[in-house]
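Q: One file is attached below, model27.cif, containing mmCIF, C-alpha atoms and all ligand atoms.
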data_my_file
loop_
_atom_site.label_atom_id
_atom_site.label_comp_id
_atom_site.auth_asym_id
_atom_site.auth_seq_id
_atom_site.Cartn_x
_atom_site.Cartn_y
_atom_site.Cartn_z
CA MET A 1 -78.57 -9.09 54.82
CA LYS A 2 -82.10 -7.97 54.13
CA ILE A 3 -81.84 -4.84 51.98
CA LEU A 4 -84.45 -2.29 50.96
CA ILE A 5 -83.72 -0.07 47.95
CA ILE A 6 -86.16 2.76 47.52
CA GLU A 7 -86.60 3.96 43.99
CA THR A 8 -87.64 7.56 43.38
CA VAL A 9 -89.73 8.94 46.19
CA TRP A 10 -93.19 10.19 45.49
CA MET A 11 -94.05 13.66 46.70
CA GLY A 12 -97.79 13.20 46.70
CA GLY A 13 -100.26 14.09 44.04
CA ALA A 14 -101.13 17.73 44.67
CA ARG A 15 -100.15 18.68 41.15
CA TYR A 16 -101.86 15.76 39.46
CA LYS A 17 -105.48 15.37 38.58
CA PHE A 18 -107.18 12.14 39.63
CA LEU A 19 -107.11 10.53 36.16
CA GLU A 20 -103.49 11.42 35.57
CA LYS A 21 -102.47 10.12 38.98
CA THR A 22 -104.33 6.87 38.36
CA LEU A 23 -102.53 6.41 35.02
CA LEU A 24 -99.14 7.23 36.52
CA THR A 25 -99.58 4.82 39.39
CA THR A 26 -100.90 2.02 37.21
CA PHE A 27 -98.58 2.11 34.20
CA SER A 28 -94.84 2.23 34.49
CA ILE A 29 -94.21 3.98 31.18
CA LEU A 30 -90.69 5.15 31.81
CA PRO A 31 -89.41 3.06 34.71
CA THR A 32 -86.56 4.50 36.70
CA LEU A 33 -83.30 2.66 36.40
CA GLN A 34 -80.76 3.64 39.01
CA ALA A 35 -82.25 1.76 41.98
CA ARG A 36 -82.63 -1.36 39.86
CA GLU A 37 -78.98 -1.08 38.83
CA PHE A 38 -78.02 -1.07 42.51
CA ALA A 39 -80.26 -4.08 43.06
CA ALA A 40 -78.81 -5.92 40.07
CA ILE A 41 -75.22 -5.51 41.23
CA THR A 42 -75.94 -6.57 44.84
CA PRO A 43 -74.32 -9.98 45.56
CA LYS A 44 -76.88 -12.77 45.43
CA HIS A 45 -76.46 -13.92 49.04
CA HIS A 46 -78.34 -10.77 50.11
CA THR A 47 -82.13 -10.39 49.86
CA VAL A 48 -83.13 -7.23 48.03
CA SER A 49 -86.51 -5.51 47.80
CA VAL A 50 -87.02 -2.52 45.48
CA MET A 51 -89.83 -0.15 46.41
CA ASN A 52 -91.29 2.88 44.74
CA GLU A 53 -93.65 5.12 46.62
CA ARG A 54 -95.47 5.84 43.40
CA TYR A 55 -96.95 2.34 43.46
CA SER A 56 -97.19 1.51 47.13
CA PRO A 57 -96.61 3.27 50.45
CA ILE A 58 -93.18 2.74 51.96
CA ASP A 59 -93.44 -0.13 54.41
CA SER A 60 -91.51 1.06 57.44
CA ASP A 61 -92.71 -1.85 59.63
CA THR A 62 -90.67 -4.60 57.98
CA ALA A 63 -87.23 -5.06 59.53
CA TYR A 64 -84.33 -4.38 57.14
CA ASP A 65 -80.58 -4.49 57.77
CA VAL A 66 -79.85 -1.56 55.46
CA VAL A 67 -81.87 0.92 53.40
CA LEU A 68 -80.58 2.69 50.25
CA ILE A 69 -82.56 5.68 48.96
CA ASN A 70 -81.87 7.18 45.52
CA PHE A 71 -83.39 10.60 44.87
CA VAL A 72 -83.17 13.89 43.00
CA THR A 73 -83.30 17.48 44.26
CA SER A 74 -87.07 17.97 44.20
CA THR A 75 -87.65 14.79 46.19
CA ALA A 76 -84.89 15.44 48.75
CA PRO A 77 -87.28 16.51 51.56
CA ARG A 78 -89.27 13.28 51.25
CA ALA A 79 -86.11 11.17 50.96
CA TYR A 80 -84.76 12.76 54.16
CA GLU A 81 -88.07 12.13 55.94
CA ILE A 82 -87.99 8.43 55.04
CA ALA A 83 -84.28 8.23 55.94
CA ASP A 84 -84.91 9.77 59.37
CA THR A 85 -87.72 7.26 60.03
CA TYR A 86 -85.47 4.27 59.38
CA ARG A 87 -82.53 5.72 61.30
CA LYS A 88 -84.71 6.23 64.37
CA LYS A 89 -85.29 2.47 64.28
CA GLY A 90 -81.53 1.89 64.16
CA VAL A 91 -81.43 0.83 60.49
CA PRO A 92 -78.36 2.14 58.59
CA VAL A 93 -79.43 4.42 55.73
CA ILE A 94 -77.38 5.10 52.58
CA LEU A 95 -78.31 8.02 50.31
CA SER A 96 -77.42 8.38 46.64
CA GLY A 97 -78.37 10.30 43.51
CA PHE A 98 -77.60 13.67 41.93
CA HIS A 99 -78.64 15.76 44.90
CA ALA A 100 -76.81 13.69 47.50
CA SER A 101 -73.74 13.79 45.25
CA ALA A 102 -73.93 17.57 44.89
CA LEU A 103 -74.54 18.23 48.60
CA PRO A 104 -73.04 15.24 50.44
CA ASP A 105 -72.74 17.07 53.77
CA GLU A 106 -76.44 17.96 53.73
CA ALA A 107 -77.36 14.36 52.82
CA LYS A 108 -75.06 12.98 55.51
CA ARG A 109 -77.16 14.68 58.20
CA HIS A 110 -79.92 12.19 57.30
CA ALA A 111 -77.79 9.15 56.51
CA ASP A 112 -75.07 6.88 57.77
CA SER A 113 -73.30 7.03 54.41
CA VAL A 114 -73.55 8.92 51.14
CA LEU A 115 -72.68 7.46 47.75
CA ILE A 116 -71.18 10.20 45.60
CA GLY A 117 -71.57 10.02 41.81
CA ARG A 118 -73.14 7.15 39.90
CA ASN A 119 -71.46 4.69 42.18
CA GLU A 120 -72.42 0.99 42.09
CA GLN A 121 -68.85 0.18 43.11
CA GLY A 122 -69.33 2.28 46.25
CA TRP A 123 -72.51 0.33 47.02
CA LEU A 124 -70.54 -2.95 46.97
CA SER A 125 -68.02 -1.39 49.36
CA VAL A 126 -70.88 -0.23 51.63
CA LEU A 127 -72.20 -3.78 51.88
CA GLN A 128 -68.76 -5.18 52.74
CA ASP A 129 -68.12 -2.40 55.26
CA ILE A 130 -71.47 -2.91 57.01
CA GLU A 131 -70.62 -6.56 57.50
CA LYS A 132 -67.21 -5.54 58.91
CA LYS A 133 -68.95 -2.80 60.99
CA LYS A 134 -66.67 -0.22 59.35
CA LEU A 135 -69.12 1.90 57.40
CA GLN A 136 -67.49 5.07 55.97
CA PRO A 137 -69.34 8.42 55.84
CA PHE A 138 -68.74 8.98 52.11
CA TYR A 139 -68.03 6.69 49.17
CA HIS A 140 -66.55 8.54 46.21
CA THR A 141 -66.78 7.45 42.57
CA PRO A 142 -63.76 5.29 41.75
CA PRO A 143 -61.25 6.57 39.15
CA TYR A 144 -62.26 6.27 35.51
CA ASN A 145 -61.92 2.99 33.71
CA ASP A 146 -63.08 2.90 30.16
CA SER A 147 -65.83 0.31 30.28
CA LEU A 148 -68.99 0.17 32.33
CA ILE A 149 -69.81 -3.16 33.91
CA LEU A 150 -73.45 -3.54 34.86
CA PRO A 151 -75.42 -6.73 35.23
CA PRO A 152 -78.78 -6.74 33.43
CA THR A 153 -81.42 -4.93 35.49
CA ASN A 154 -83.99 -7.68 35.25
CA ILE A 155 -85.60 -6.66 38.52
CA SER A 156 -89.37 -6.73 38.31
CA LEU A 157 -91.28 -3.53 38.91
CA PRO A 158 -94.74 -3.00 40.28
CA GLY A 159 -97.38 -1.57 37.97
CA LEU A 160 -97.95 -2.47 34.35
CA VAL A 161 -94.53 -1.97 32.84
CA MET A 162 -94.98 -0.62 29.32
CA THR A 163 -91.36 0.17 28.50
CA GLY A 164 -88.07 -1.54 29.25
CA ALA A 165 -85.11 0.64 30.19
CA LEU A 166 -81.36 0.30 30.02
CA GLU A 167 -78.07 2.16 29.64
CA ALA A 168 -75.50 1.35 26.95
CA THR A 169 -73.26 4.26 27.90
CA ARG A 170 -73.02 6.57 30.85
CA GLY A 171 -71.75 10.11 31.44
CA CYS A 172 -71.40 13.14 29.23
CA PRO A 173 -68.18 15.06 28.55
CA TYR A 174 -69.83 18.30 27.39
CA ARG A 175 -70.27 19.89 30.82
CA CYS A 176 -73.22 22.16 30.05
CA GLU A 177 -73.41 24.61 32.93
CA PHE A 178 -77.00 23.85 33.93
CA CYS A 179 -76.78 20.05 33.74
CA PRO A 180 -76.71 18.07 37.01
CA GLU A 181 -75.71 14.83 35.24
CA THR A 182 -72.35 15.98 33.91
CA ASN A 183 -71.50 18.08 36.95
CA ILE A 184 -71.52 15.34 39.60
CA GLN A 185 -68.34 13.50 40.49
CA GLY A 186 -67.38 11.32 37.49
CA GLY A 187 -70.34 12.64 35.46
CA ALA A 188 -68.17 14.09 32.71
CA SER A 189 -66.37 10.76 32.16
CA PHE A 190 -67.84 8.72 29.32
CA TYR A 191 -68.32 4.97 29.84
CA LYS A 192 -69.37 2.36 27.30
CA ARG A 193 -70.72 -1.09 28.05
CA PRO A 194 -69.46 -3.94 25.89
CA ILE A 195 -71.95 -4.22 23.00
CA PRO A 196 -72.58 -7.99 23.38
CA GLU A 197 -73.73 -7.32 26.98
CA VAL A 198 -76.09 -4.59 25.87
CA ILE A 199 -77.54 -6.79 23.15
CA ALA A 200 -78.01 -9.67 25.61
CA GLU A 201 -79.84 -7.34 27.98
CA ILE A 202 -82.09 -6.02 25.21
CA LYS A 203 -82.96 -9.59 24.20
CA ALA A 204 -83.90 -10.38 27.81
CA ILE A 205 -86.22 -7.37 28.18
CA PRO A 206 -89.76 -8.66 27.70
CA GLN A 207 -91.26 -5.37 26.54
CA LYS A 208 -91.38 -4.51 22.86
CA THR A 209 -90.44 -0.86 23.52
CA LEU A 210 -87.30 0.38 25.25
CA MET A 211 -85.88 3.60 26.52
CA PHE A 212 -82.11 4.15 26.43
CA TYR A 213 -81.39 6.24 29.53
CA ASP A 214 -77.99 7.25 28.17
CA THR A 215 -77.45 11.01 28.45
CA SER A 216 -76.82 10.96 24.71
CA LEU A 217 -76.32 8.21 22.17
CA THR A 218 -74.46 10.58 19.86
CA ILE A 219 -71.36 11.14 22.03
CA ASP A 220 -69.41 8.31 20.36
CA PRO A 221 -70.97 7.78 16.91
CA SER A 222 -68.75 4.77 16.07
CA TYR A 223 -69.87 2.91 19.18
CA THR A 224 -73.51 3.81 18.56
CA LYS A 225 -73.41 2.72 14.91
CA GLU A 226 -72.00 -0.66 15.96
CA LEU A 227 -74.72 -0.94 18.62
CA PHE A 228 -77.45 -0.10 16.10
CA GLU A 229 -76.03 -2.57 13.56
CA ASN A 230 -76.26 -5.27 16.22
CA MET A 231 -79.82 -4.32 17.13
CA LYS A 232 -81.15 -4.93 13.63
CA GLY A 233 -83.50 -7.87 13.64
CA LEU A 234 -84.25 -7.71 17.39
CA HIS A 235 -87.70 -6.27 16.56
CA LYS A 236 -87.62 -3.69 19.34
CA LYS A 237 -88.84 -0.11 19.18
CA PHE A 238 -86.92 2.46 21.18
CA PHE A 239 -86.50 6.06 22.32
CA CYS A 240 -83.08 7.65 22.85
CA ASN A 241 -81.39 10.99 23.50
CA GLY A 242 -79.12 12.66 20.98
CA ASN A 243 -77.41 15.95 20.23
CA VAL A 244 -77.88 18.29 17.29
CA ASP A 245 -74.23 18.28 16.14
CA VAL A 246 -74.33 14.59 15.19
CA LEU A 247 -78.01 14.32 14.22
CA ALA A 248 -77.57 17.17 11.71
CA HIS A 249 -74.44 15.78 10.05
CA ASP A 250 -74.29 12.03 10.48
CA GLY A 251 -76.99 10.74 8.13
CA GLU A 252 -75.62 7.20 8.45
CA LEU A 253 -76.13 7.14 12.23
CA VAL A 254 -79.67 8.46 11.88
CA ARG A 255 -80.50 5.88 9.19
CA LEU A 256 -79.01 3.05 11.27
CA SER A 257 -81.06 4.18 14.28
CA ARG A 258 -84.24 3.74 12.27
CA GLU A 259 -83.11 0.33 10.99
CA ALA A 260 -82.39 -0.69 14.60
CA GLY A 261 -85.94 0.24 15.67
CA CYS A 262 -85.65 3.83 16.89
CA VAL A 263 -88.95 5.70 16.80
CA VAL A 264 -88.14 8.81 18.84
CA TRP A 265 -85.09 11.02 19.20
CA LEU A 266 -85.25 13.20 22.33
CA VAL A 267 -83.23 16.31 21.70
CA GLY A 268 -82.22 18.94 24.26
CA PHE A 269 -82.43 22.03 22.06
CA GLU A 270 -82.71 24.15 25.25
CA SER A 271 -82.90 27.48 23.37
CA ILE A 272 -83.32 28.95 19.90
CA CYS A 273 -80.84 31.76 20.73
CA GLN A 274 -77.19 31.09 19.94
CA ASN A 275 -75.96 33.56 22.57
CA THR A 276 -77.93 31.66 25.24
CA LEU A 277 -76.46 28.34 24.12
CA GLN A 278 -73.02 29.88 24.31
CA ALA A 279 -73.67 31.34 27.76
CA ILE A 280 -74.81 27.99 29.19
CA GLY A 281 -72.04 26.01 27.52
CA LYS A 282 -74.28 23.88 25.26
CA THR A 283 -71.53 23.40 22.72
CA THR A 284 -73.28 20.63 20.81
CA ASN A 285 -76.02 22.97 19.57
CA THR A 286 -75.86 25.39 16.66
CA VAL A 287 -79.25 26.94 16.00
CA GLU A 288 -78.67 26.98 12.23
CA GLU A 289 -78.31 23.18 12.32
CA TYR A 290 -81.64 22.49 14.07
CA ALA A 291 -83.56 22.28 10.82
CA GLN A 292 -81.08 19.82 9.29
CA ALA A 293 -81.15 17.57 12.38
CA ILE A 294 -84.95 17.51 12.38
CA ARG A 295 -85.10 16.86 8.63
CA ASN A 296 -82.74 13.89 8.99
CA ILE A 297 -84.92 12.39 11.72
CA HIS A 298 -88.20 13.00 9.89
CA ARG A 299 -86.78 11.71 6.59
CA ASN A 300 -86.23 8.42 8.40
CA HIS A 301 -89.80 8.35 9.73
CA MET A 302 -88.93 9.06 13.35
CA VAL A 303 -90.33 11.58 15.84
CA VAL A 304 -88.55 14.56 17.39
CA ILE A 305 -89.32 15.39 21.01
CA GLY A 306 -87.58 18.66 21.89
CA ASP A 307 -86.75 20.15 25.29
CA PHE A 308 -86.68 23.91 25.79
CA MET A 309 -85.80 25.87 28.91
CA PHE A 310 -86.47 29.49 29.74
CA GLY A 311 -85.14 32.02 32.20
CA PHE A 312 -81.42 32.11 31.40
CA ASP A 313 -79.70 35.47 31.88
CA THR A 314 -79.68 36.09 28.12
CA ASP A 315 -83.46 35.49 27.86
CA SER A 316 -85.63 38.60 27.69
CA ALA A 317 -89.43 38.63 27.76
CA ASP A 318 -89.71 38.25 23.95
CA VAL A 319 -87.98 34.84 24.03
CA PHE A 320 -91.32 33.01 24.31
CA GLU A 321 -92.85 34.45 21.16
CA LYS A 322 -89.64 33.92 19.17
CA THR A 323 -89.32 30.32 20.37
CA LEU A 324 -92.94 29.49 19.57
CA LYS A 325 -92.60 30.83 16.02
CA THR A 326 -89.31 28.99 15.43
CA ILE A 327 -90.36 25.60 16.75
CA LYS A 328 -93.56 25.67 14.74
CA GLU A 329 -91.49 26.40 11.62
CA LEU A 330 -89.11 23.58 12.55
CA GLN A 331 -92.06 21.17 12.74
CA ILE A 332 -91.07 19.67 16.08
CA ASP A 333 -93.58 16.91 16.88
CA VAL A 334 -93.67 17.20 20.67
CA ALA A 335 -92.08 19.88 22.83
CA ASP A 336 -91.47 20.09 26.57
CA PHE A 337 -91.04 23.52 28.10
CA SER A 338 -89.57 24.16 31.51
CA ILE A 339 -88.36 26.89 33.77
CA PHE A 340 -84.58 26.86 34.07
CA THR A 341 -83.74 25.39 37.46
CA PRO A 342 -80.26 25.90 38.90
CA PHE A 343 -79.58 22.49 40.42
CA PRO A 344 -77.06 22.34 43.27
CA GLY A 345 -73.66 21.21 42.07
CA THR A 346 -73.90 23.00 38.72
CA PRO A 347 -71.84 26.09 37.78
CA LEU A 348 -75.06 28.06 37.23
CA PHE A 349 -76.26 27.32 40.78
CA LYS A 350 -72.94 28.60 42.12
CA LYS A 351 -73.09 31.73 39.96
CA LEU A 352 -76.63 32.61 41.04
CA ASP A 353 -75.87 31.80 44.67
CA ASP A 354 -72.77 34.03 44.58
CA GLU A 355 -74.90 36.80 43.07
CA LYS A 356 -77.51 36.26 45.85
CA ARG A 357 -80.20 35.56 43.25
CA ILE A 358 -81.37 32.21 44.62
CA LEU A 359 -84.87 32.89 45.97
CA THR A 360 -85.38 29.63 47.85
CA LYS A 361 -83.46 26.56 48.87
CA GLU A 362 -86.61 24.63 49.61
CA TRP A 363 -85.67 21.76 47.35
CA LYS A 364 -89.22 20.63 46.66
CA TYR A 365 -89.55 23.62 44.33
CA TYR A 366 -86.58 22.48 42.19
CA ASN A 367 -88.72 20.55 39.72
CA MET A 368 -88.39 22.84 36.67
CA GLY A 369 -91.91 24.12 37.26
CA HIS A 370 -91.11 26.89 39.74
CA VAL A 371 -89.05 30.04 39.57
CA VAL A 372 -86.45 29.51 42.30
CA PHE A 373 -84.07 32.31 41.33
CA LYS A 374 -84.31 35.97 40.35
CA PRO A 375 -84.27 36.17 36.54
CA LYS A 376 -82.09 38.88 34.99
CA GLN A 377 -84.16 40.27 32.14
CA MET A 378 -87.73 39.57 33.24
CA THR A 379 -89.71 39.23 36.42
CA SER A 380 -90.41 35.86 38.03
CA GLU A 381 -94.05 36.30 37.10
CA GLU A 382 -93.19 36.97 33.42
CA LEU A 383 -91.05 33.84 33.35
CA LEU A 384 -93.75 31.71 34.90
CA GLN A 385 -96.51 33.05 32.69
CA GLY A 386 -94.29 32.80 29.61
CA VAL A 387 -93.77 29.06 30.13
CA GLN A 388 -97.48 28.53 30.82
CA GLN A 389 -98.21 30.47 27.63
CA MET A 390 -95.81 28.26 25.63
CA TYR A 391 -97.87 25.21 26.61
CA ALA A 392 -101.15 26.95 25.92
CA GLU A 393 -100.09 28.14 22.45
CA PHE A 394 -98.08 25.14 21.25
CA TYR A 395 -100.75 22.66 22.34
CA THR A 396 -103.87 24.24 20.88
CA PRO A 397 -106.21 21.55 19.48
CA VAL A 398 -105.58 22.82 15.93
CA SER A 399 -101.76 22.82 16.18
CA SER A 400 -101.74 19.43 17.84
CA MET A 401 -104.02 17.97 15.18
CA LYS A 402 -101.71 19.31 12.49
CA ARG A 403 -98.72 17.61 14.11
CA ILE A 404 -100.65 14.37 14.54
CA LEU A 405 -101.68 14.36 10.87
CA GLN A 406 -98.10 15.09 9.77
CA ASN A 407 -97.12 11.82 11.42
CA LEU A 408 -99.75 9.71 9.68
CA ASN A 409 -97.28 8.52 7.07
CA ARG A 410 -94.43 7.82 9.49
CA GLY A 411 -95.80 4.52 10.73
CA LEU A 412 -97.87 3.23 13.60
CA TYR A 413 -95.46 3.93 16.45
CA PRO A 414 -94.56 7.53 15.47
CA PHE A 415 -98.23 8.27 14.86
CA PHE A 416 -99.39 6.93 18.22
CA ILE A 417 -96.55 8.58 20.13
CA VAL A 418 -97.29 12.01 18.63
CA PHE A 419 -101.02 11.46 19.05
CA GLY A 420 -100.64 10.32 22.67
CA ARG A 421 -98.19 13.02 23.76
CA ASN A 422 -100.14 15.86 22.12
CA ILE A 423 -103.52 14.74 23.44
CA ILE A 424 -102.24 13.92 26.93
CA THR A 425 -100.53 17.30 27.16
CA ILE A 426 -103.70 19.11 26.15
CA MET A 427 -105.77 17.14 28.65
CA SER A 428 -103.36 16.79 31.52
CA SER A 429 -102.18 19.16 34.15
CA ARG A 430 -98.60 18.97 32.83
CA ARG A 431 -98.78 22.53 31.57
CA LEU A 432 -100.80 23.65 34.59
CA TYR A 433 -98.62 22.35 37.40
CA ILE A 434 -96.05 25.01 36.67
CA ASN A 435 -95.58 26.84 39.98
CA LYS A 436 -98.44 24.99 41.70
CA LYS A 437 -97.41 23.98 45.19
S1 LIG B 1 -75.13 17.51 26.37
FE1 LIG B 1 -76.93 16.98 27.64
S2 LIG B 1 -76.21 15.44 29.09
FE2 LIG B 1 -74.40 16.42 28.19
S3 LIG B 1 -73.82 18.00 29.63
FE3 LIG B 1 -75.15 18.93 28.10
S4 LIG B 1 -77.25 18.78 28.91
FE4 LIG B 1 -75.95 17.39 30.09
#
Can you turn what I pasted into structure tokens?

A:
Amino acid sequence: MKILIIETVWMGGARYKFLEKTLLTTFSILPTLQAREFAAITPKHHTVSVMNERYSPIDSDTAYDVVLINFVTSTAPRAYEIADTYRKKGVPVILSGFHASALPDEAKRHADSVLIGRNEQGWLSVLQDIEKKKLQPFYHTPPYNDSLILPPTNISLPGLVMTGALEATRGCPYRCEFCPETNIQGGASFYKRPIPEVIAEIKAIPQKTLMFYDTSLTIDPSYTKELFENMKGLHKKFFCNGNVDVLAHDGELVRLSREAGCVVWLVGFESICQNTLQAIGKTTNTVEEYAQAIRNIHRNHMVVIGDFMFGFDTDSADVFEKTLKTIKELQIDVADFSIFTPFPGTPLFKKLDDEKRILTKEWKYYNMGHVVFKPKQMTSEELLQGVQQMYAEFYTPVSSMKRILQNLNRGLYPFFIVFGRNIITIMSSRRLYINKK
């Protein structure tokens, strides 16, 4: 069969300035992975094309036997539009991704079948069932088995690919109440790929830098230490996600990460208020341990990129000022700030929906830059302006320069990453797109 797999769908560039859009459409800095995993596992007797609207318009003139579209909540309207176009031509359309998994009945109105969960196995069943003309409406994630089998995703991408991407593990057992990843079917199960397979894939990736798309590489420290031991000498540089509980206490894991080539730990701090962390179920984070985790990373000459969200029910209007003061004291190198977004499928979406506090179900606004629910302790406007203010005050030229200089002695990669992220954030519309339509 002739198969088209559409990678993330591109919503158009209204929020991007010309220069930023040109950079984003030219360089594939953090390539998406899920569509390429579907492509990699597709049996070789099929012909597969992977498209991404970011790099080229979707070609709806070519005849395909089946189209698979993988998308997230904010791109659902565009995914449905593309799906409807193909279905009108009689081409079977399969939808997958977090949003389709959370709202399969909604997705099914635009598709012949919906893959629920991270479900490569379901994709193989879809292909067999199409050939037998017995396509099912839904394909659920198969029961847990403890290892994750994925062929290497050596599918070429358009654009200048700057960073390779892979998964060593999948899933997260912590079940934070805002997190769409853990709250889809099978998302709280934790899978590990055999380490020799991961190492072989890393060796085959042509880029010098890699991004581990694992939800967290600190969930199973023993596995991760073995992985890092095996990565020594591969001469790669990489970014990965980790949680405070392990990064604060497991000095050996942090040291091994540096020896393996890690240059950036991405940490979901989410909040500097312990009662907020407790309310949202972020059990891996203890605010008192933030400083220790950051010290461990910095001591090993690596960079901390921290994520913070605002608008939880325990957040009052003074949360912005308190957070700014704390993260400056903590010496976080790069910070991303977003408006809490209750994604469908999560316990927090259900809670707000039950309380009739969801302001819109127009999914295009669910991109962490819009207020889509009624906050409890502040107005929507205060929440929006607070997040804009966080960007404005954290990324002043003076503060950014200070952070850049602090990274001078951490090596070339940490220096350039902190330099690039701080300067790009000052110059770009990242902080300005908040709530822009
Ligand atoms: S620790 Fe991270 S990946 Fe895991 S459930 Fe929480 S937010 Fe999601």

Q: Would you tabulate, counting only C-alpha atoms and all ligand atoms, all residues of chain A that have an atom at most 6 Å from an atom of ligand LIG 1 (chain B), showing the closest pair of atoms and their distance in Å to one decimal, sorted by chain then ascending number, as a tab-separated table?

A:
residue	atom	partner	partner_atom	distance
A:Cys172	CA	B:LIG1	FE2	4.6
A:Tyr174	CA	B:LIG1	S3	4.6
A:Arg175	CA	B:LIG1	S3	4.2
A:Cys176	CA	B:LIG1	S3	4.2
A:Cys179	CA	B:LIG1	FE4	4.6
A:Glu181	CA	B:LIG1	FE4	5.8
A:Thr182	CA	B:LIG1	S3	5.0
A:Thr215	CA	B:LIG1	S2	4.6
A:Lys282	CA	B:LIG1	FE3	5.8

Q: Enclose the full set of atoms of stretch 413-420 of chain A listed in the file within a box whose edges lie along x, y and z, apply 8 Å of padding to each of the six sides, and report centre and edge lengths in Å to one decimal as AutoDock Vina command-line options.

A:
--center_x -97.8 --center_y 8.0 --center_z 18.8 --size_x 22.5 --size_y 24.1 --size_z 23.8

Q: Residues of stretch 300-419 of chain A that have any atom at most 12 Å from an atom of stretch 285-296 of chain A: could you tabulate them with the shortest-distance atom pair and the distance in Å to one decimal, using only C-alpha atoms, ordered by chain and increasing number, as CSV?

A:
residue,atom,partner,partner_atom,distance
A:Asn300,CA,A:Asn296,CA,6.5
A:His301,CA,A:Asn296,CA,9.0
A:Met302,CA,A:Asn296,CA,9.0
A:Val303,CA,A:Ile294,CA,8.7
A:Val304,CA,A:Ile294,CA,6.8
A:Ile305,CA,A:Ile294,CA,9.9
A:Gly306,CA,A:Ile294,CA,9.9
A:Thr323,CA,A:Val287,CA,11.5
A:Thr326,CA,A:Ala291,CA,10.0
A:Ile327,CA,A:Ala291,CA,9.6
A:Lys328,CA,A:Ala291,CA,11.3
A:Glu329,CA,A:Ala291,CA,9.0
A:Leu330,CA,A:Ala291,CA,6.0
A:Gln331,CA,A:Ile294,CA,8.0
A:Ile332,CA,A:Ile294,CA,7.5
A:Asp333,CA,A:Ile294,CA,9.8

Q: Mind checking which residues fall within 12 Å of A:Phe394, counting all atoms listed in the file, ignoring those fewer than 6 positions away in the same chain, and posting them as a list in words?

A: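 Residues meeting the cut-off are Phe320, Glu321, Thr323, Leu324, Lys325, Thr326, Ile327, Lys328, Glu329, Gln331, Ile332, Asp333, Val334, Ala335, Asp336, Phe337, Gly386, Val387, Gln388, Ser400, Met401, Lys402, Arg403, Asn422, Ile423, Thr425, Ile426 and Arg431 of chain A.
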
Q: Identify the residues around (-92.3, 32.4, 32.9) within a radius of 12 Å, measuring from all atoms listed in the file in the coordinates stated by the file, and give them as a PyMOL selection string.

A: chain A and resi 309-312+315-321+337-341+368-375+377-391+431+434-435

Q: Restricting the calculation to all atoms listed in the file, which member of A:Pro92, A:Asn119, A:Phe98, A:Thr396 is positioned closest to A:Lys133?

A: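 Of the candidates, the smallest distance to A:Lys133 is held by A:Pro92.
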
Q: Hey, can you check how far atom CA of A:Ala392 sits from atom CA of A:Leu277?

A: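 Spanning atom CA of A:Ala392 to atom CA of A:Leu277 is a straight-line distance of 24.8 Å.
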
Q: Of the candidates A:Glu252, A:Trp265, A:Lys236, A:Thr283, which shows the shortest atom-to-atom distance to A:Ser216, using only C-alpha atoms?

A: A:Trp265

Q: Given the point (-75.6, 13.3, 46.2) in the file's coordinates, find the residues that have an atom at most 12 Å from it, counting all atoms listed in the file, and give them as an NGL selection string.

A: :A and (69-73 or 76 or 79 or 94-108 or 110-111 or 113-119 or 138-141 or 180-181 or 183-185 or 187 or 343-345)

Q: Skip stretch 202-207 of chain A itself and residues of its chain fewer than 3 positions away, then list as a count of residues only all residues within 6 Å of it, counting only C-alpha atoms.

A: 3

Q: Would you work out the distance separating atom CA of A:Arg36 from atom CA of A:Gly233, expressed in Å to one decimal?

A: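 The value is 27.0 Å.
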